[in-house]
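Notes for the one structure printed next.
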Amino acid sequence: MRIVLVGPPGAGKGTQAAFLAQNLSIPHISTGDLFRANISRQTELGKLAKSYMDAGNLVPDEVTIAMAKDRMEQPDAENGFLLDGFPRNVSQAEALDELLESESMQLDAVLDLEVPEDEVVKRIAGRRVCRNESAHVFHVTYKPPAKEGVCDVCGGELYQRDDDSEETVRKRLEVYHTQTEPIIDYYKAQGLVVTISALGKVEDVTRRAMEALKRGE
Ligand code: AP5
Ligand code: ZN
């Protein structure tokens, strides 16, 4: 299956993607995680991306599309993938369509996670991420680690993302509404969108998502 996950910052895309990718046996491809990996390796791409990410803006399309394309062309993505955080504006969606078309492939679904803004603000404010592996995500209240500041999975240090400050979150939400939300209409026109509520327990949201994807098939 080829799936795109959309939703505001803090909706739980990364959290859900980990379970969905496992259930569906497809790789989880997160452009945010790819940028953060470049930042920690201090690559040129990482340096460029950090300046945009810290301000809550989108990284320019040219580098983002090239990075996403490169990842989607890896052998593990041959039979499907779950895209998280890409595409993030209409021109990225058009670039993805072109890429898929050139390989005679198509998307199966666009899963839209709906969460009220006050809830995403709470989720982001309490989020803590592992320095070793960005898929290891915790929350001080909703998913506290057994030992404060330490990742349950690998023992790595937990930290608060630089772009999770209140001011940057406000900017990211604005960018979501103005630049990313239009892709929902773009995909609605292709009949691909399935919308679910992302409120409630993580496992309930995963169940809802799996049922919606089955219905959408
Ligand atoms: P990215 O990393 O994609 O961030 P985002 O879209 O803002 O999403 P988040 O990672 O903040 O949230 P999430 O929805 O994954 O939530 P999570 O599962 O962590 O992008 C960051 C930046 O990179 C962008 O601003 C941009 O600069 C750049 N970028 C990335 N892609 C780009 C692109 N395509 N083009 C250009 N620029 C790009 O959950 C949040 C918290 O809530 C966690 O603490 C979690 O434990 C908790 N939680 C999750 N589910 C629940 C639940 N059901 N109940 C209670 N708590 C929950
Ligand atoms: Zn970890």
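In the structure tokens, chains take the letters A, B, ... in the order shown, each chain's residues start at 1, and ligands count up from 1 in the order shown.
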Enumerate residues in contact with ligand 2: an atom-to-atom distance of at most 10 Å, counting only C-alpha atoms and all ligand atoms. Format the result as a PDB file with N, CA and C atoms, in the first residue's frame.
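In the end it all went to selection.pdb:
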ATOM      1  N   VAL A 129      11.488  13.580  22.904  1.00  0.00           N
ATOM      2  CA  VAL A 129      11.963  12.687  21.840  1.00  0.00           C
ATOM      3  C   VAL A 129      13.347  12.155  22.202  1.00  0.00           C
ATOM      4  N   CYS A 130      13.620  10.908  21.769  1.00  0.00           N
ATOM      5  CA  CYS A 130      14.914  10.274  22.060  1.00  0.00           C
ATOM      6  C   CYS A 130      16.009  10.819  21.135  1.00  0.00           C
ATOM      7  N   ARG A 131      17.183  11.086  21.708  1.00  0.00           N
ATOM      8  CA  ARG A 131      18.301  11.586  20.885  1.00  0.00           C
ATOM      9  C   ARG A 131      18.809  10.524  19.919  1.00  0.00           C
ATOM     10  N   ASN A 132      18.683   9.239  20.273  1.00  0.00           N
ATOM     11  CA  ASN A 132      19.219   8.175  19.421  1.00  0.00           C
ATOM     12  C   ASN A 132      18.313   7.859  18.248  1.00  0.00           C
ATOM     13  N   GLU A 133      17.013   7.938  18.473  1.00  0.00           N
ATOM     14  CA  GLU A 133      16.069   7.441  17.466  1.00  0.00           C
ATOM     15  C   GLU A 133      14.783   8.268  17.559  1.00  0.00           C
ATOM     16  N   SER A 134      14.512   9.045  16.487  1.00  0.00           N
ATOM     17  CA  SER A 134      13.370   9.969  16.604  1.00  0.00           C
ATOM     18  C   SER A 134      12.019   9.259  16.619  1.00  0.00           C
ATOM     19  N   ALA A 135      11.998   7.955  16.306  1.00  0.00           N
ATOM     20  CA  ALA A 135      10.732   7.222  16.403  1.00  0.00           C
ATOM     21  C   ALA A 135      10.377   6.931  17.868  1.00  0.00           C
ATOM     22  N   HIS A 136      11.326   7.099  18.787  1.00  0.00           N
ATOM     23  CA  HIS A 136      11.044   6.866  20.210  1.00  0.00           C
ATOM     24  C   HIS A 136      10.503   8.168  20.801  1.00  0.00           C
ATOM     25  N   VAL A 137       9.158   8.265  20.817  1.00  0.00           N
ATOM     26  CA  VAL A 137       8.506   9.523  21.214  1.00  0.00           C
ATOM     27  C   VAL A 137       7.697   9.309  22.494  1.00  0.00           C
ATOM     28  N   PHE A 138       7.846  10.232  23.440  1.00  0.00           N
ATOM     29  CA  PHE A 138       7.130  10.136  24.725  1.00  0.00           C
ATOM     30  C   PHE A 138       6.362  11.425  24.980  1.00  0.00           C
ATOM     31  N   VAL A 150      14.762   9.616  30.288  1.00  0.00           N
ATOM     32  CA  VAL A 150      15.479   8.477  29.698  1.00  0.00           C
ATOM     33  C   VAL A 150      14.522   7.650  28.829  1.00  0.00           C
ATOM     34  N   CYS A 151      14.974   7.323  27.613  1.00  0.00           N
ATOM     35  CA  CYS A 151      14.148   6.543  26.688  1.00  0.00           C
ATOM     36  C   CYS A 151      13.960   5.107  27.204  1.00  0.00           C
ATOM     37  N   ASP A 152      12.706   4.665  27.264  1.00  0.00           N
ATOM     38  CA  ASP A 152      12.392   3.292  27.716  1.00  0.00           C
ATOM     39  C   ASP A 152      12.956   2.249  26.759  1.00  0.00           C
ATOM     40  N   VAL A 153      13.008   2.609  25.476  1.00  0.00           N
ATOM     41  CA  VAL A 153      13.369   1.609  24.463  1.00  0.00           C
ATOM     42  C   VAL A 153      14.880   1.383  24.417  1.00  0.00           C
ATOM     43  N   CYS A 154      15.662   2.480  24.375  1.00  0.00           N
ATOM     44  CA  CYS A 154      17.105   2.300  24.149  1.00  0.00           C
ATOM     45  C   CYS A 154      17.983   2.962  25.210  1.00  0.00           C
ATOM     46  N   GLY A 155      17.376   3.618  26.195  1.00  0.00           N
ATOM     47  CA  GLY A 155      18.182   4.256  27.249  1.00  0.00           C
ATOM     48  C   GLY A 155      18.752   5.608  26.841  1.00  0.00           C
ATOM     49  N   GLY A 156      18.414   6.072  25.627  1.00  0.00           N
ATOM     50  CA  GLY A 156      18.920   7.371  25.155  1.00  0.00           C
ATOM     51  C   GLY A 156      18.328   8.538  25.945  1.00  0.00           C
ATOM     52  N   GLU A 157      18.958   9.698  25.769  1.00  0.00           N
ATOM     53  CA  GLU A 157      18.483  10.899  26.465  1.00  0.00           C
ATOM     54  C   GLU A 157      17.237  11.447  25.770  1.00  0.00           C
ATOM     55  N   LEU A 158      16.243  11.836  26.547  1.00  0.00           N
ATOM     56  CA  LEU A 158      15.045  12.449  25.961  1.00  0.00           C
ATOM     57  C   LEU A 158      15.198  13.962  25.982  1.00  0.00           C
TER      58      LEU A 158
END
In range 5-181 of chain A, what's strand (DSSP E) per DSSP? Answer as number ranges by chain? A: 5-6, 28-30, 81-84, 109-114, 127-130, 137-139, 158-159
Prev. selection, C-alpha atoms, output as a PDB file, in the first residue's frame:
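And here is the file that came out, result_14.pdb:
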ATOM      1  CA  LEU A   5      -0.571  10.685   6.397  1.00  0.00           C
ATOM      2  CA  VAL A   6      -1.680  14.286   6.942  1.00  0.00           C
ATOM      3  CA  HIS A  28       7.567   4.660   7.572  1.00  0.00           C
ATOM      4  CA  ILE A  29       9.055   7.602   5.693  1.00  0.00           C
ATOM      5  CA  SER A  30       9.055  10.855   7.648  1.00  0.00           C
ATOM      6  CA  PHE A  81       5.333   3.124   1.969  1.00  0.00           C
ATOM      7  CA  LEU A  82       3.697   5.322   4.541  1.00  0.00           C
ATOM      8  CA  LEU A  83       4.594   8.957   4.001  1.00  0.00           C
ATOM      9  CA  ASP A  84       4.513  11.144   7.125  1.00  0.00           C
ATOM     10  CA  ALA A 109      -5.173   6.468   0.455  1.00  0.00           C
ATOM     11  CA  VAL A 110      -4.548   9.764   2.190  1.00  0.00           C
ATOM     12  CA  LEU A 111      -5.256   9.387   5.896  1.00  0.00           C
ATOM     13  CA  ASP A 112      -6.238  12.692   7.462  1.00  0.00           C
ATOM     14  CA  LEU A 113      -5.868  12.899  11.258  1.00  0.00           C
ATOM     15  CA  GLU A 114      -8.262  15.388  12.827  1.00  0.00           C
ATOM     16  CA  ARG A 127       6.463  15.795  23.881  1.00  0.00           C
ATOM     17  CA  ARG A 128       9.926  14.385  24.577  1.00  0.00           C
ATOM     18  CA  VAL A 129      11.963  12.687  21.840  1.00  0.00           C
ATOM     19  CA  CYS A 130      14.914  10.274  22.060  1.00  0.00           C
ATOM     20  CA  VAL A 137       8.506   9.523  21.214  1.00  0.00           C
ATOM     21  CA  PHE A 138       7.130  10.136  24.725  1.00  0.00           C
ATOM     22  CA  HIS A 139       4.873  12.609  26.483  1.00  0.00           C
ATOM     23  CA  LEU A 158      15.045  12.449  25.961  1.00  0.00           C
ATOM     24  CA  TYR A 159      14.913  16.071  24.835  1.00  0.00           C
TER      25      TYR A 159
END
Could you give me, as a Markdown table, a per-residue list for chain A showing, wherever an atom lies at most 7 Å from an atom of ligand 1, the closest pair of atoms and their distance in Å to one decimal, using only C-alpha atoms and all ligand atoms and sorting by chain then residue number from low to high?
| residue | atom | partner | partner_atom_place_in_ligand_line | distance |
| --- | --- | --- | --- | --- |
| A:Gly7 | CA | ligand 1 | 14 (O) | 6.4 |
| A:Pro8 | CA | ligand 1 | 6 (O) | 6.1 |
| A:Pro9 | CA | ligand 1 | 7 (O) | 3.4 |
| A:Gly10 | CA | ligand 1 | 12 (O) | 3.4 |
| A:Ala11 | CA | ligand 1 | 14 (O) | 3.9 |
| A:Gly12 | CA | ligand 1 | 18 (O) | 3.3 |
| A:Lys13 | CA | ligand 1 | 14 (O) | 3.7 |
| A:Gly14 | CA | ligand 1 | 15 (O) | 3.6 |
| A:Thr15 | CA | ligand 1 | 18 (O) | 3.6 |
| A:Gln16 | CA | ligand 1 | 18 (O) | 6.4 |
| A:Ser30 | CA | ligand 1 | 3 (O) | 6.4 |
| A:Thr31 | CA | ligand 1 | 31 (N) | 4.4 |
| A:Gly32 | CA | ligand 1 | 2 (O) | 3.4 |
| A:Asp33 | CA | ligand 1 | 2 (O) | 5.8 |
| A:Phe35 | CA | ligand 1 | 23 (O) | 6.6 |
| A:Ala49 | CA | ligand 1 | 27 (O) | 7.0 |
| A:Tyr52 | CA | ligand 1 | 27 (O) | 5.4 |
| A:Met53 | CA | ligand 1 | 27 (O) | 3.5 |
| A:Gly56 | CA | ligand 1 | 25 (O) | 4.8 |
| A:Asn57 | CA | ligand 1 | 27 (O) | 4.8 |
| A:Leu58 | CA | ligand 1 | 37 (N) | 3.7 |
| A:Val59 | CA | ligand 1 | 37 (N) | 3.9 |
| A:Pro60 | CA | ligand 1 | 36 (C) | 6.0 |
| A:Asp61 | CA | ligand 1 | 35 (N) | 6.2 |
| A:Thr64 | CA | ligand 1 | 35 (N) | 5.5 |
| A:Asp84 | CA | ligand 1 | 3 (O) | 6.5 |
| A:Gly85 | CA | ligand 1 | 3 (O) | 4.3 |
| A:Phe86 | CA | ligand 1 | 34 (N) | 3.9 |
| A:Pro87 | CA | ligand 1 | 34 (N) | 5.0 |
| A:Arg88 | CA | ligand 1 | 34 (N) | 4.7 |
| A:Arg123 | CA | ligand 1 | 42 (O) | 4.0 |
| A:Ile124 | CA | ligand 1 | 41 (C) | 5.2 |
| A:Gly126 | CA | ligand 1 | 44 (O) | 5.8 |
| A:Arg127 | CA | ligand 1 | 44 (O) | 3.4 |
| A:Arg128 | CA | ligand 1 | 44 (O) | 5.9 |
| A:Val137 | CA | ligand 1 | 46 (O) | 5.4 |
| A:Phe138 | CA | ligand 1 | 46 (O) | 4.3 |
| A:His139 | CA | ligand 1 | 44 (O) | 3.9 |
| A:Tyr142 | CA | ligand 1 | 56 (N) | 5.1 |
| A:Lys143 | CA | ligand 1 | 46 (O) | 5.6 |
| A:Arg172 | CA | ligand 1 | 25 (O) | 5.7 |
| A:Ala198 | CA | ligand 1 | 53 (N) | 6.1 |
| A:Leu199 | CA | ligand 1 | 53 (N) | 5.5 |
| A:Gly200 | CA | ligand 1 | 53 (N) | 5.1 |
| A:Lys201 | CA | ligand 1 | 53 (N) | 4.6 |
| A:Val202 | CA | ligand 1 | 53 (N) | 3.9 |
| A:Val205 | CA | ligand 1 | 53 (N) | 6.3 |
Output of the above residues as a PDB file, in the first residue's frame, restricted to C-alpha atoms:
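Contents of the output file selection-v5.pdb:
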ATOM      1  CA  GLY A   7      -2.589  16.243  10.035  1.00  0.00           C
ATOM      2  CA  PRO A   8      -1.459  19.244  12.036  1.00  0.00           C
ATOM      3  CA  PRO A   9       1.814  19.289  13.969  1.00  0.00           C
ATOM      4  CA  GLY A  10       1.395  17.190  17.103  1.00  0.00           C
ATOM      5  CA  ALA A  11      -1.617  15.273  15.741  1.00  0.00           C
ATOM      6  CA  GLY A  12       0.201  12.003  16.386  1.00  0.00           C
ATOM      7  CA  LYS A  13       1.341  11.260  12.825  1.00  0.00           C
ATOM      8  CA  GLY A  14       4.707   9.870  13.919  1.00  0.00           C
ATOM      9  CA  THR A  15       3.123   7.878  16.754  1.00  0.00           C
ATOM     10  CA  GLN A  16       0.488   6.324  14.470  1.00  0.00           C
ATOM     11  CA  SER A  30       9.055  10.855   7.648  1.00  0.00           C
ATOM     12  CA  THR A  31      10.660  13.888   6.025  1.00  0.00           C
ATOM     13  CA  GLY A  32      10.872  15.548   9.469  1.00  0.00           C
ATOM     14  CA  ASP A  33      12.839  12.535  10.795  1.00  0.00           C
ATOM     15  CA  PHE A  35      15.855  16.237   8.252  1.00  0.00           C
ATOM     16  CA  ALA A  49      16.969  22.499   6.972  1.00  0.00           C
ATOM     17  CA  TYR A  52      13.847  26.740   8.269  1.00  0.00           C
ATOM     18  CA  MET A  53      12.656  24.223  10.859  1.00  0.00           C
ATOM     19  CA  GLY A  56       8.571  26.883  11.823  1.00  0.00           C
ATOM     20  CA  ASN A  57       8.762  27.310   8.061  1.00  0.00           C
ATOM     21  CA  LEU A  58       8.838  24.670   5.356  1.00  0.00           C
ATOM     22  CA  VAL A  59      12.215  23.616   4.002  1.00  0.00           C
ATOM     23  CA  PRO A  60      12.389  24.608   0.284  1.00  0.00           C
ATOM     24  CA  ASP A  61      10.620  22.216  -2.085  1.00  0.00           C
ATOM     25  CA  THR A  64      12.703  18.295   0.218  1.00  0.00           C
ATOM     26  CA  ASP A  84       4.513  11.144   7.125  1.00  0.00           C
ATOM     27  CA  GLY A  85       4.994  14.896   6.646  1.00  0.00           C
ATOM     28  CA  PHE A  86       5.336  14.693   2.867  1.00  0.00           C
ATOM     29  CA  PRO A  87       3.804  16.112   0.723  1.00  0.00           C
ATOM     30  CA  ARG A  88       3.259  19.280   2.688  1.00  0.00           C
ATOM     31  CA  ARG A 123       0.583  17.169  22.884  1.00  0.00           C
ATOM     32  CA  ILE A 124       3.491  19.229  21.578  1.00  0.00           C
ATOM     33  CA  GLY A 126       4.678  17.674  26.659  1.00  0.00           C
ATOM     34  CA  ARG A 127       6.463  15.795  23.881  1.00  0.00           C
ATOM     35  CA  ARG A 128       9.926  14.385  24.577  1.00  0.00           C
ATOM     36  CA  VAL A 137       8.506   9.523  21.214  1.00  0.00           C
ATOM     37  CA  PHE A 138       7.130  10.136  24.725  1.00  0.00           C
ATOM     38  CA  HIS A 139       4.873  12.609  26.483  1.00  0.00           C
ATOM     39  CA  TYR A 142       0.176  10.971  28.147  1.00  0.00           C
ATOM     40  CA  LYS A 143       3.108   8.584  27.713  1.00  0.00           C
ATOM     41  CA  ARG A 172       3.917  25.738  12.324  1.00  0.00           C
ATOM     42  CA  ALA A 198      -7.119  11.254  16.289  1.00  0.00           C
ATOM     43  CA  LEU A 199      -8.522  11.900  19.769  1.00  0.00           C
ATOM     44  CA  GLY A 200      -8.436   9.212  22.435  1.00  0.00           C
ATOM     45  CA  LYS A 201      -5.973   6.451  23.235  1.00  0.00           C
ATOM     46  CA  VAL A 202      -3.136   5.754  20.793  1.00  0.00           C
ATOM     47  CA  VAL A 205      -6.666   5.755  16.942  1.00  0.00           C
TER      48      VAL A 205
END
Spatial neighbours of Leu192 in chain A, 8 Å, only C-alpha atoms, chain gap at least 3 places, as a list in words: Leu107, Asp108, Ala109, Val110, Tyr187, Lys188, Ala189 and Gly216 of chain A
Per DSSP on the backbone, what are the alpha helix (DSSP H) residues of range 18-78 of chain A, as number ranges by chain? A: 18-24, 31-40, 44-53, 61-72
Keeping only N, CA and C atoms, write those residues as a compact mmCIF listing (two decimals), in the first residue's frame.
# COMPACT_ATOMS: atom_id res chain seq x y z
N ALA A 18 4.26 4.67 13.18
CA ALA A 18 5.08 3.55 13.65
C ALA A 18 4.23 2.27 13.70
N PHE A 19 3.00 2.37 14.25
CA PHE A 19 2.14 1.18 14.35
C PHE A 19 1.57 0.77 12.99
N LEU A 20 1.14 1.76 12.22
CA LEU A 20 0.52 1.45 10.92
C LEU A 20 1.55 0.79 9.99
N ALA A 21 2.76 1.34 9.98
CA ALA A 21 3.79 0.80 9.10
C ALA A 21 4.08 -0.66 9.46
N GLN A 22 4.10 -0.93 10.77
CA GLN A 22 4.35 -2.30 11.23
C GLN A 22 3.18 -3.22 10.83
N ASN A 23 1.94 -2.75 11.08
CA ASN A 23 0.77 -3.57 10.73
C ASN A 23 0.69 -3.86 9.24
N LEU A 24 1.10 -2.89 8.43
CA LEU A 24 0.96 -3.02 6.98
C LEU A 24 2.23 -3.51 6.30
N THR A 31 9.68 12.89 6.46
CA THR A 31 10.66 13.89 6.02
C THR A 31 11.21 14.66 7.23
N GLY A 32 10.37 14.88 8.26
CA GLY A 32 10.87 15.55 9.47
C GLY A 32 12.00 14.73 10.10
N ASP A 33 11.80 13.40 10.21
CA ASP A 33 12.84 12.53 10.80
C ASP A 33 14.10 12.54 9.91
N LEU A 34 13.91 12.53 8.59
CA LEU A 34 15.08 12.54 7.70
C LEU A 34 15.87 13.84 7.88
N PHE A 35 15.15 14.97 8.01
CA PHE A 35 15.85 16.24 8.25
C PHE A 35 16.57 16.21 9.60
N ARG A 36 15.88 15.70 10.64
CA ARG A 36 16.52 15.67 11.97
C ARG A 36 17.75 14.76 11.97
N ALA A 37 17.72 13.67 11.21
CA ALA A 37 18.90 12.79 11.12
C ALA A 37 20.05 13.55 10.45
N ASN A 38 19.73 14.36 9.44
CA ASN A 38 20.77 15.16 8.79
C ASN A 38 21.32 16.24 9.73
N ILE A 39 20.43 16.79 10.56
CA ILE A 39 20.88 17.80 11.53
C ILE A 39 21.85 17.16 12.52
N SER A 40 21.50 15.97 13.02
CA SER A 40 22.41 15.39 14.03
C SER A 40 23.72 14.93 13.40
N GLU A 44 25.35 19.22 5.21
CA GLU A 44 24.97 20.51 4.61
C GLU A 44 23.45 20.63 4.55
N LEU A 45 22.79 19.52 4.16
CA LEU A 45 21.33 19.51 4.11
C LEU A 45 20.75 19.79 5.49
N GLY A 46 21.34 19.19 6.51
CA GLY A 46 20.89 19.40 7.88
C GLY A 46 21.02 20.86 8.30
N LYS A 47 22.13 21.48 7.96
CA LYS A 47 22.34 22.90 8.32
C LYS A 47 21.30 23.78 7.65
N LEU A 48 21.06 23.49 6.38
CA LEU A 48 20.07 24.28 5.64
C LEU A 48 18.68 24.08 6.26
N ALA A 49 18.31 22.81 6.47
CA ALA A 49 16.97 22.50 6.97
C ALA A 49 16.74 23.12 8.34
N LYS A 50 17.75 23.09 9.20
CA LYS A 50 17.58 23.58 10.58
C LYS A 50 17.12 25.04 10.61
N SER A 51 17.67 25.84 9.71
CA SER A 51 17.32 27.26 9.74
C SER A 51 15.83 27.46 9.44
N TYR A 52 15.28 26.64 8.58
CA TYR A 52 13.85 26.74 8.27
C TYR A 52 13.01 26.11 9.38
N MET A 53 13.43 24.95 9.85
CA MET A 53 12.66 24.22 10.86
C MET A 53 12.54 25.02 12.16
N ASP A 61 11.11 23.40 -1.36
CA ASP A 61 10.62 22.22 -2.09
C ASP A 61 11.73 21.43 -2.78
N GLU A 62 12.64 22.17 -3.42
CA GLU A 62 13.63 21.49 -4.25
C GLU A 62 14.40 20.44 -3.45
N VAL A 63 14.93 20.85 -2.29
CA VAL A 63 15.71 19.88 -1.50
C VAL A 63 14.81 18.83 -0.86
N THR A 64 13.61 19.24 -0.45
CA THR A 64 12.70 18.30 0.22
C THR A 64 12.27 17.20 -0.75
N ILE A 65 11.89 17.60 -1.95
CA ILE A 65 11.41 16.62 -2.94
C ILE A 65 12.54 15.66 -3.32
N ALA A 66 13.75 16.21 -3.51
CA ALA A 66 14.90 15.35 -3.87
C ALA A 66 15.17 14.33 -2.77
N MET A 67 15.10 14.78 -1.51
CA MET A 67 15.36 13.88 -0.38
C MET A 67 14.28 12.80 -0.29
N ALA A 68 13.01 13.21 -0.44
CA ALA A 68 11.90 12.25 -0.33
C ALA A 68 11.98 11.23 -1.47
N LYS A 69 12.29 11.71 -2.69
CA LYS A 69 12.39 10.84 -3.86
C LYS A 69 13.47 9.79 -3.64
N ASP A 70 14.62 10.26 -3.16
CA ASP A 70 15.73 9.36 -2.90
C ASP A 70 15.32 8.26 -1.91
N ARG A 71 14.60 8.65 -0.87
CA ARG A 71 14.18 7.66 0.14
C ARG A 71 13.14 6.68 -0.44
N MET A 72 12.21 7.21 -1.25
CA MET A 72 11.16 6.34 -1.81
C MET A 72 11.73 5.36 -2.83
Closest of A:Lys171, A:Arg161, A:His177, A:Arg2 to Gln106 in chain A, counting only C-alpha atoms, is A:Arg2
Please provide the set of residues having any atom within 10 Å of Tyr186 in chain A, restricted to only C-alpha atoms, with same-chain residues fewer than 5 positions apart removed, written as JSON, numbers by chain. {"A": [89, 90, 93, 94, 181, 191, 192, 193]}
Could you check how far CA of Leu213 in chain A sits from CA of Thr178 in chain A, in Å to one decimal? 26.4 Å
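Our summary of the geometry notes that CA of Ile183 in chain A is positioned 13.2 Å from CA of Thr195 in chain A.
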